[in-house]
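J.: Following this line is protein24.pdb, made up of PDB, C-alpha atoms (C1' of nucleotides):
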```pdb
ATOM      1  CA  MET A  29      16.874  -9.280  -6.203
ATOM      2  CA  GLU A  30      17.657  -5.845  -7.611
ATOM      3  CA  ASP A  31      20.807  -4.372  -6.252
ATOM      4  CA  ASP A  32      19.768  -0.745  -6.385
ATOM      5  CA  PHE A  33      16.892  -1.445  -4.080
ATOM      6  CA  TYR A  34      19.122  -2.338  -1.149
ATOM      7  CA  CYS A  35      21.357   0.567  -1.903
ATOM      8  CA  LEU A  36      18.510   3.074  -1.845
ATOM      9  CA  HIS A  37      17.046   1.380   1.173
ATOM     10  CA  SER A  38      20.287   1.635   3.087
ATOM     11  CA  GLN A  39      20.739   5.232   1.964
ATOM     12  CA  LEU A  40      17.494   6.048   3.671
ATOM     13  CA  CYS A  41      18.525   4.094   6.750
ATOM     14  CA  LYS A  42      21.860   5.866   6.847
ATOM     15  CA  ALA A  43      20.010   9.147   6.926
ATOM     16  CA  LEU A  44      18.477   7.983  10.197
ATOM     17  CA  ALA A  45      21.553   6.274  11.592
ATOM     18  CA  ASN A  46      23.103   9.081  13.558
ATOM     19  CA  ASP A  47      22.405  10.225  17.068
ATOM     20  CA  LYS A  48      22.174  13.901  16.225
ATOM     21  CA  ARG A  49      19.827  13.241  13.372
ATOM     22  CA  GLN A  50      17.729  11.154  15.724
ATOM     23  CA  MET A  51      17.536  14.118  18.071
ATOM     24  CA  ILE A  52      16.503  16.339  15.202
ATOM     25  CA  LEU A  53      13.813  13.943  14.096
ATOM     26  CA  ALA A  54      12.545  13.669  17.639
ATOM     27  CA  ALA A  55      12.367  17.454  17.774
ATOM     28  CA  LEU A  56      10.416  17.510  14.523
ATOM     29  CA  ARG A  57       8.112  14.801  15.687
ATOM     30  CA  ASP A  58       5.335  17.154  16.744
ATOM     31  CA  GLY A  59       5.530  19.462  13.771
ATOM     32  CA  GLU A  60       7.738  21.813  11.837
ATOM     33  CA  ARG A  61      10.468  23.900  13.377
ATOM     34  CA  SER A  62      12.830  26.559  12.166
ATOM     35  CA  VAL A  63      16.549  25.969  12.202
ATOM     36  CA  LEU A  64      16.849  28.439  15.036
ATOM     37  CA  ASP A  65      14.332  26.427  17.043
ATOM     38  CA  LEU A  66      16.315  23.291  16.409
ATOM     39  CA  VAL A  67      19.528  24.897  17.555
ATOM     40  CA  ASP A  68      17.831  25.735  20.827
ATOM     41  CA  VAL A  69      16.146  22.391  21.324
ATOM     42  CA  THR A  70      19.004  20.127  20.341
ATOM     43  CA  GLY A  71      22.031  22.176  21.328
ATOM     44  CA  ILE A  72      23.683  21.382  18.010
ATOM     45  CA  ARG A  73      25.593  24.208  16.369
ATOM     46  CA  GLN A  74      23.983  25.946  13.457
ATOM     47  CA  ALA A  75      26.464  24.914  10.800
ATOM     48  CA  ASN A  76      26.469  21.307  11.844
ATOM     49  CA  LEU A  77      22.696  21.270  12.156
ATOM     50  CA  SER A  78      22.378  22.687   8.682
ATOM     51  CA  GLN A  79      24.598  19.930   7.358
ATOM     52  CA  HIS A  80      22.484  17.229   8.940
ATOM     53  CA  LEU A  81      19.310  18.853   7.674
ATOM     54  CA  SER A  82      20.779  19.093   4.220
ATOM     55  CA  LEU A  83      21.634  15.413   4.253
ATOM     56  CA  MET A  84      18.152  14.425   5.350
ATOM     57  CA  ARG A  85      16.643  16.772   2.800
ATOM     58  CA  THR A  86      18.473  15.196  -0.111
ATOM     59  CA  ARG A  87      17.508  11.758   1.172
ATOM     60  CA  GLY A  88      13.876  12.762   1.369
ATOM     61  CA  VAL A  89      13.575  12.412   5.119
ATOM     62  CA  VAL A  90      12.606  16.012   5.790
ATOM     63  CA  VAL A  91      11.168  18.846   3.733
ATOM     64  CA  ALA A  92      11.801  22.560   4.010
ATOM     65  CA  ARG A  93       9.531  25.571   3.729
ATOM     66  CA  ARG A  94      10.817  29.106   3.706
ATOM     67  CA  GLU A  95       8.991  31.934   5.447
ATOM     68  CA  GLY A  96      10.758  35.245   5.294
ATOM     69  CA  THR A  97      14.264  34.728   6.479
ATOM     70  CA  ARG A  98      13.562  31.481   8.266
ATOM     71  CA  VAL A  99      13.300  27.965   6.950
ATOM     72  CA  TYR A 100      10.955  25.542   8.614
ATOM     73  CA  TYR A 101      11.704  21.852   8.460
ATOM     74  CA  SER A 102       9.340  18.959   8.959
ATOM     75  CA  ILE A 103       9.343  15.215   8.573
ATOM     76  CA  SER A 104       8.320  14.254   5.071
ATOM     77  CA  ASN A 105       6.445  11.076   5.849
ATOM     78  CA  GLN A 106       4.710   9.976   9.016
ATOM     79  CA  LYS A 107       5.772   6.417   8.351
ATOM     80  CA  LEU A 108       9.260   7.453   9.339
ATOM     81  CA  ILE A 109       7.928   8.164  12.802
ATOM     82  CA  GLN A 110       6.312   4.750  12.899
ATOM     83  CA  ALA A 111       9.632   3.217  11.922
ATOM     84  CA  PHE A 112      11.363   5.285  14.568
ATOM     85  CA  ASP A 113       8.986   3.957  17.190
ATOM     86  CA  LEU A 114       9.373   0.376  16.045
ATOM     87  CA  ILE A 115      13.121   0.677  16.369
ATOM     88  CA  THR A 116      12.630   2.080  19.841
ATOM     89  CA  GLU A 117      10.536  -0.923  20.804
ATOM     90  CA  VAL A 118      13.065  -3.347  19.395
ATOM     91  CA  MET A 119      15.768  -1.555  21.324
ATOM     92  CA  GLU A 120      13.890  -1.781  24.578
ATOM     93  CA  GLU A 121      12.925  -5.402  24.121
ATOM     94  CA  SER A 122      16.483  -6.208  23.212
ATOM     95  CA  LEU A 123      17.802  -4.574  26.362
ATOM     96  CA  GLU A 124      15.304  -6.459  28.488
ATOM     97  CA  GLY A 125      16.274  -9.690  26.802
ATOM     98  CA  ARG A 126      19.927  -9.201  27.546
ATOM     99  CA  VAL A 127      19.302  -8.557  31.180
ATOM    100  CA  ARG A 128      17.251 -11.708  31.355
ATOM    101  CA  VAL A 129      19.888 -13.762  29.565
ATOM    102  CA  ALA A 130      22.627 -12.428  31.777
ATOM    103  CA  GLY A 131      20.593 -13.416  34.804
ATOM    104  CA  SER A 132      19.719 -16.979  33.880
ATOM    105  CA  ILE A 133      22.330 -18.637  31.740
ATOM    106  CA  GLY A 134      21.499 -22.232  31.067
ATOM    107  CA  ASP A 135      20.072 -23.183  27.703
ATOM    108  CA  ALA A 136      22.526 -20.954  25.902
ATOM    109  CA  SER A 137      25.182 -23.576  26.613
ATOM    110  CA  ALA A 138      24.991 -24.950  23.077
ATOM    111  CA  LEU A 139      26.498 -21.712  21.851
ATOM    112  CA  SER A 140      28.260 -20.276  24.826
ATOM    113  CA  GLN A 141      31.672 -21.756  24.122
ATOM    114  CA  SER A 142      31.602 -21.189  20.401
ATOM    115  CA  GLY A 143      32.120 -17.468  20.306
ATOM    116  CA  VAL A 144      28.650 -17.187  18.869
ATOM    117  CA  ASN A 145      26.826 -15.590  21.731
ATOM    118  CA  GLU A 146      29.338 -13.573  23.686
ATOM    119  CA  GLU A 147      27.784 -10.150  23.393
ATOM    120  CA  ALA A 148      25.491 -10.172  26.380
ATOM    121  CA  SER A 149      27.735  -8.581  28.963
ATOM    122  CA  ASP A 150      30.319  -6.129  27.736
ATOM    123  CA  GLU A 151      29.655  -5.364  24.088
ATOM    124  CA  SER A 152      26.112  -4.161  24.593
ATOM    125  CA  ARG A 153      26.966  -0.579  23.801
ATOM    126  CA  SER A 154      30.329  -0.590  22.066
TER     127      SER A 154
ATOM    128  CA  MET B   6      15.914  14.253  26.563
ATOM    129  CA  GLU B   7      18.336  11.505  27.529
ATOM    130  CA  ASP B   8      21.400  11.418  25.352
ATOM    131  CA  ASP B   9      22.070   7.702  25.571
ATOM    132  CA  PHE B  10      18.715   6.969  24.064
ATOM    133  CA  TYR B  11      19.549   8.560  20.728
ATOM    134  CA  CYS B  12      22.934   6.928  20.764
ATOM    135  CA  LEU B  13      21.515   3.455  21.274
ATOM    136  CA  HIS B  14      18.777   4.161  18.806
ATOM    137  CA  SER B  15      21.236   5.206  16.135
ATOM    138  CA  GLN B  16      23.429   2.214  16.915
ATOM    139  CA  LEU B  17      20.528  -0.008  16.038
ATOM    140  CA  CYS B  18      19.827   2.026  12.903
ATOM    141  CA  LYS B  19      23.463   1.810  11.883
ATOM    142  CA  ALA B  20      23.205  -1.943  12.090
ATOM    143  CA  LEU B  21      20.552  -1.726   9.382
ATOM    144  CA  ALA B  22      22.145   1.058   7.365
ATOM    145  CA  ASN B  23      24.201  -0.907   4.896
ATOM    146  CA  ASP B  24      23.200  -2.402   1.591
ATOM    147  CA  LYS B  25      24.778  -5.783   2.222
ATOM    148  CA  ARG B  26      23.175  -6.047   5.621
ATOM    149  CA  GLN B  27      19.874  -5.185   4.009
ATOM    150  CA  MET B  28      20.394  -8.055   1.590
ATOM    151  CA  ILE B  29      21.162 -10.353   4.473
ATOM    152  CA  LEU B  30      18.068  -9.308   6.362
ATOM    153  CA  ALA B  31      15.961  -9.782   3.264
ATOM    154  CA  ALA B  32      17.393 -13.279   2.935
ATOM    155  CA  LEU B  33      16.555 -14.012   6.556
ATOM    156  CA  ARG B  34      13.079 -12.633   6.185
ATOM    157  CA  ASP B  35      11.423 -16.003   5.697
ATOM    158  CA  GLY B  36      13.341 -17.856   8.368
ATOM    159  CA  GLU B  37      16.738 -18.903   9.550
ATOM    160  CA  ARG B  38      19.642 -19.677   7.254
ATOM    161  CA  SER B  39      23.131 -20.981   7.668
ATOM    162  CA  VAL B  40      26.096 -18.834   6.733
ATOM    163  CA  LEU B  41      26.704 -21.049   3.745
ATOM    164  CA  ASP B  42      23.166 -20.462   2.560
ATOM    165  CA  LEU B  43      23.677 -16.761   2.904
ATOM    166  CA  VAL B  44      26.883 -16.847   0.902
ATOM    167  CA  ASP B  45      24.960 -18.498  -1.904
ATOM    168  CA  VAL B  46      21.931 -16.261  -1.754
ATOM    169  CA  THR B  47      23.678 -12.937  -1.360
ATOM    170  CA  GLY B  48      26.941 -13.511  -3.174
ATOM    171  CA  ILE B  49      28.835 -11.861  -0.334
ATOM    172  CA  ARG B  50      32.162 -13.438   0.576
ATOM    173  CA  GLN B  51      32.255 -15.566   3.654
ATOM    174  CA  ALA B  52      34.631 -13.434   5.683
ATOM    175  CA  ASN B  53      32.752 -10.263   4.976
ATOM    176  CA  LEU B  54      29.416 -11.927   5.601
ATOM    177  CA  SER B  55      30.636 -13.187   8.912
ATOM    178  CA  GLN B  56      31.644  -9.684   9.886
ATOM    179  CA  HIS B  57      28.267  -8.265   9.030
ATOM    180  CA  LEU B  58      26.526 -11.035  10.923
ATOM    181  CA  SER B  59      28.765 -10.453  13.885
ATOM    182  CA  LEU B  60      27.932  -6.767  13.884
ATOM    183  CA  MET B  61      24.212  -7.427  13.735
ATOM    184  CA  ARG B  62      24.554 -10.057  16.424
ATOM    185  CA  THR B  63      26.203  -7.705  18.867
ATOM    186  CA  ARG B  64      23.571  -5.077  18.093
ATOM    187  CA  GLY B  65      20.792  -7.556  18.744
ATOM    188  CA  VAL B  66      19.440  -7.557  15.204
ATOM    189  CA  VAL B  67      19.976 -11.261  14.573
ATOM    190  CA  VAL B  68      20.460 -14.322  16.739
ATOM    191  CA  ALA B  69      22.544 -17.414  16.070
ATOM    192  CA  ARG B  70      21.950 -21.072  16.730
ATOM    193  CA  ARG B  71      24.620 -23.687  16.235
ATOM    194  CA  GLU B  72      23.815 -27.139  14.825
ATOM    195  CA  GLY B  73      26.837 -29.329  14.327
ATOM    196  CA  THR B  74      29.317 -27.429  12.280
ATOM    197  CA  ARG B  75      26.844 -24.902  10.972
ATOM    198  CA  VAL B  76      25.450 -21.768  12.518
ATOM    199  CA  TYR B  77      21.955 -20.685  11.656
ATOM    200  CA  TYR B  78      21.057 -17.041  11.839
ATOM    201  CA  SER B  79      17.643 -15.489  12.131
ATOM    202  CA  ILE B  80      16.135 -12.086  12.735
ATOM    203  CA  SER B  81      15.686 -11.484  16.430
ATOM    204  CA  ASN B  82      12.517  -9.443  16.348
ATOM    205  CA  GLN B  83       9.744  -9.368  13.796
ATOM    206  CA  LYS B  84       9.318  -5.660  14.387
ATOM    207  CA  LEU B  85      12.540  -5.157  12.491
ATOM    208  CA  ILE B  86      10.814  -6.555   9.436
ATOM    209  CA  GLN B  87       7.935  -4.165   9.946
ATOM    210  CA  ALA B  88      10.424  -1.312  10.161
ATOM    211  CA  PHE B  89      12.156  -2.587   7.035
ATOM    212  CA  ASP B  90       8.860  -2.550   5.172
ATOM    213  CA  LEU B  91       7.954   0.910   6.391
ATOM    214  CA  ILE B  92      11.260   2.223   5.123
ATOM    215  CA  THR B  93      10.567   0.547   1.810
ATOM    216  CA  GLU B  94       7.222   2.301   1.575
ATOM    217  CA  VAL B  95       8.731   5.650   2.439
ATOM    218  CA  MET B  96      11.361   5.084  -0.212
ATOM    219  CA  GLU B  97       8.821   4.280  -2.880
ATOM    220  CA  GLU B  98       6.548   7.159  -1.988
ATOM    221  CA  SER B  99       9.521   9.475  -1.964
ATOM    222  CA  LEU B 100      10.557   8.363  -5.427
ATOM    223  CA  GLU B 101       7.032   8.831  -6.744
ATOM    224  CA  GLY B 102       6.895  12.270  -5.182
ATOM    225  CA  ARG B 103      10.083  13.342  -6.853
ATOM    226  CA  VAL B 104       8.934  12.222 -10.236
ATOM    227  CA  ARG B 105       5.725  14.146  -9.753
ATOM    228  CA  VAL B 106       7.533  17.269  -8.611
ATOM    229  CA  ALA B 107       9.965  17.087 -11.493
ATOM    230  CA  GLY B 108       7.046  16.822 -13.889
ATOM    231  CA  SER B 109       4.995  19.767 -12.680
ATOM    232  CA  ILE B 110       7.101  22.517 -11.209
ATOM    233  CA  GLY B 111       5.056  25.490 -10.206
ATOM    234  CA  ASP B 112       4.218  25.985  -6.555
ATOM    235  CA  ALA B 113       7.756  25.195  -5.470
ATOM    236  CA  SER B 114       8.766  28.669  -6.648
ATOM    237  CA  ALA B 115       8.870  30.010  -3.119
ATOM    238  CA  LEU B 116      11.871  27.800  -2.429
ATOM    239  CA  SER B 117      13.337  27.105  -5.816
ATOM    240  CA  GLN B 118      15.887  29.883  -5.854
ATOM    241  CA  SER B 119      16.949  29.532  -2.265
ATOM    242  CA  GLY B 120      18.977  26.366  -2.477
ATOM    243  CA  VAL B 121      16.425  24.750  -0.241
ATOM    244  CA  ASN B 122      14.741  22.366  -2.603
ATOM    245  CA  GLU B 123      17.263  21.485  -5.265
ATOM    246  CA  GLU B 124      17.352  17.743  -4.872
ATOM    247  CA  ALA B 125      14.469  16.762  -7.085
ATOM    248  CA  SER B 126      16.199  16.199 -10.392
ATOM    249  CA  ASP B 127      19.764  14.960 -10.198
ATOM    250  CA  GLU B 128      20.496  14.021  -6.603
ATOM    251  CA  SER B 129      17.715  11.483  -6.308
ATOM    252  CA  ARG B 130      20.124   8.588  -6.031
ATOM    253  CA  SER B 131      23.477  10.036  -5.081
TER     254      SER B 131
ATOM    255  C1'  DT C  10      44.786 -38.190  16.206
ATOM    256  C1'  DC C  11      44.570 -36.048  11.677
ATOM    257  C1'  DC C  12      41.828 -33.963   8.355
ATOM    258  C1'  DC C  13      38.126 -31.369   6.440
ATOM    259  C1'  DA C  14      34.136 -28.402   6.303
ATOM    260  C1'  DA C  15      32.066 -24.349   8.354
ATOM    261  C1'  DT C  16      32.579 -20.185  10.630
ATOM    262  C1'  DA C  17      35.136 -16.487  12.953
ATOM    263  C1'  DT C  18      38.814 -13.192  13.492
ATOM    264  C1'  DC C  19      42.803 -10.361  12.312
ATOM    265  C1'  DA C  20      45.778  -6.872   9.853
ATOM    266  C1'  DG C  21      46.065  -3.577   6.482
ATOM    267  C1'  DC C  22      44.148  -0.515   3.323
ATOM    268  C1'  DA C  23      40.623   2.508   1.027
ATOM    269  C1'  DT C  24      36.543   4.963   1.622
ATOM    270  C1'  DT C  25      33.047   7.322   3.952
ATOM    271  C1'  DC C  26      31.364  10.058   7.748
ATOM    272  C1'  DG C  27      31.201  13.776  11.331
ATOM    273  C1'  DT C  28      32.826  18.015  12.750
ATOM    274  C1'  DG C  29      34.416  22.862  13.360
ATOM    275  C1'  DA C  30      35.966  26.993  11.250
ATOM    276  C1'  DA C  31      35.435  30.092   7.897
ATOM    277  C1'  DT C  32      32.720  31.956   4.434
ATOM    278  C1'  DA C  33      28.923  32.618   1.191
ATOM    279  C1'  DC C  34      24.238  33.184   0.097
ATOM    280  C1'  DT C  35      19.090  35.127   0.979
ATOM    281  C1'  DT C  36      15.818  37.965   2.809
ATOM    282  C1'  DG C  37      13.924  41.962   4.996
ATOM    283  C1'  DC C  38      14.710  46.477   6.481
ATOM    284  C1'  DC C  39      16.934  51.193   6.803
TER     285       DC C  39
ATOM    286  C1'  DG D  17      22.862  50.255  -1.747
ATOM    287  C1'  DG D  18      24.342  48.789   3.046
ATOM    288  C1'  DC D  19      23.435  46.086   6.906
ATOM    289  C1'  DA D  20      21.950  42.411   9.979
ATOM    290  C1'  DA D  21      19.665  38.022  10.840
ATOM    291  C1'  DG D  22      19.066  33.393   9.403
ATOM    292  C1'  DT D  23      20.656  29.634   6.824
ATOM    293  C1'  DA D  24      23.762  27.015   3.610
ATOM    294  C1'  DT D  25      28.188  25.483   1.752
ATOM    295  C1'  DT D  26      33.108  24.446   1.500
ATOM    296  C1'  DC D  27      37.445  22.794   3.282
ATOM    297  C1'  DA D  28      40.438  20.114   6.086
ATOM    298  C1'  DC D  29      41.190  16.479   9.087
ATOM    299  C1'  DG D  30      40.468  12.823  12.468
ATOM    300  C1'  DA D  31      37.533   8.886  13.272
ATOM    301  C1'  DA D  32      34.766   5.212  11.947
ATOM    302  C1'  DT D  33      33.405   1.796   8.546
ATOM    303  C1'  DG D  34      33.833  -1.739   4.782
ATOM    304  C1'  DC D  35      36.488  -4.985   2.229
ATOM    305  C1'  DT D  36      40.021  -8.488   1.173
ATOM    306  C1'  DG D  37      43.322 -12.066   1.989
ATOM    307  C1'  DA D  38      45.302 -14.813   5.370
ATOM    308  C1'  DT D  39      44.817 -17.295   9.437
ATOM    309  C1'  DA D  40      42.559 -19.212  13.508
ATOM    310  C1'  DT D  41      38.960 -21.854  15.743
ATOM    311  C1'  DT D  42      35.364 -25.274  16.121
ATOM    312  C1'  DG D  43      32.924 -29.718  15.345
ATOM    313  C1'  DG D  44      32.459 -34.096  13.079
ATOM    314  C1'  DG D  45      34.114 -37.916  11.099
ATOM    315  C1'  DA D  46      37.885 -41.616   9.319
TER     316       DA D  46
END
```
Using the file provided, produce a representation of the structure as structure tokens.
T.:
Amino acid sequence: MEDDFYCLHSQLCKALANDKRQMILAALRDGERSVLDLVDVTGIRQANLSQHLSLMRTRGVVVARREGTRVYYSISNQKLIQAFDLITEVMEESLEGRVRVAGSIGDASALSQSGVNEEASDESRS
Amino acid sequence: MEDDFYCLHSQLCKALANDKRQMILAALRDGERSVLDLVDVTGIRQANLSQHLSLMRTRGVVVARREGTRVYYSISNQKLIQAFDLITEVMEESLEGRVRVAGSIGDASALSQSGVNEEASDESRS
DNA sequence: TCCCAATATCAGCATTCGTGAATACTTGCC
DNA sequence: GGCAAGTATTCACGAATGCTGATATTGGGA
């Protein structure tokens, strides 16, 4: 299908694919916050925070509203929070699954010697 | 909150944050496919495809099943498809929004000269 | 055993990303 | 205007990522 679609789609995903930006989004989850707030909550330095916010702003993930000398940021679309939560669920289920697999190896034998399913033990967070 | 959480979360997001991987996931949407299939459908070279699949495998995004000389890949968790679709919706709504904003500028004046809301016209796909 | 098809991995290179430091803008106030 | 607080931008550089070509591994026949 169209090539631009996947590019735009991944651009949006990239805007979420960073631990600090995840922290920021989590901090914005319950409503808007000023940059100063975010510095406090996340512990990220102002300049760096501003860079991440700028990135997410140009990607349409967050929106900004100025009030006096402060700028308040908020998440642009609640569906992003739904997506965030879905990813969280996948993550948790995936972790459970790996523990289970590591405990009872048996029917994975068809793949176990083929280099196809070696990630269960040591690569789980690399 | 916990720091590892956001790291893991972003790891999973990173596994989705790439246009070729998005193509691959879209191709796997309706069921499993062999690597050869995927080469045909996506046009990605075999070596590169294999690397992307390997990455997604170690991140728990896809699972592999060997049958003879072929390996069939499939998406590990249907929630990833839901997340994919949510992102798509956000993307589309965001694009609509920008077109609208670009058409009728007026109440954005509070931010327009502050460098806070400059992305509407030319950065929409950078 | 030798060969072939299918998949995986490696080495090297180019590009992108993340960060801190320094600096520039904006706004409100004196 | 000058100043201070709050926020944004630029630069430089190390680290991570993506791609290609070459090579290795695996499984199934002849």
J.: Counting all atoms listed in the file, which of B:Met96, B:Ile29, B:Val40, B:Cys18 gets nearest to chain C?
T.: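 Ranking B:Met96, B:Ile29, B:Val40, B:Cys18 by distance to chain C, first place goes to B:Val40.
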J.: Compute the chain C side of the contact with chain A at 12 Å, counting all atoms listed in the file, and hand it back as a ChimeraX atom specification.
T.: /C:16-18,25-32,34-38
J.: So which residues get picked by the PyMOL selection byres ((chain B) within 6 of (chain A)) here, written as number ranges by chain?
T.: B: 11-12, 15, 18-19, 22-24, 27, 63, 88, 124
J.: Enumerate, in order of chain and increasing residue number, the residues of chain D with an atom no farther than 9 Å from chain B, each with its shortest atom pair and distance in Å to one decimal, counting all atoms listed in the file, as a Markdown table.
T.:
```
| residue | atom | partner | partner_atom | distance |
| --- | --- | --- | --- | --- |
| D:DA24 | C1' | B:Gly120 | CA | 7.8 |
| D:DG34 | C1' | B:Asn53 | CA | 8.6 |
| D:DC35 | C1' | B:Asn53 | CA | 7.0 |
| D:DT36 | C1' | B:Asn53 | CA | 8.4 |
| D:DT42 | C1' | B:Thr74 | CA | 7.5 |
| D:DG43 | C1' | B:Thr74 | CA | 5.3 |
| D:DG44 | C1' | B:Thr74 | CA | 7.4 |
```
J.: Assuming 6 Å of padding per side, give the centre and edge lengths of the axis-aligned box around every listed atom of range 11-27 of chain C, in Å to one decimal and as lines of an AutoDock Vina configuration file.
T.:
```
center_x = 38.6
center_y = -11.1
center_z = 7.3
size_x = 26.9
size_y = 61.8
size_z = 24.5
```
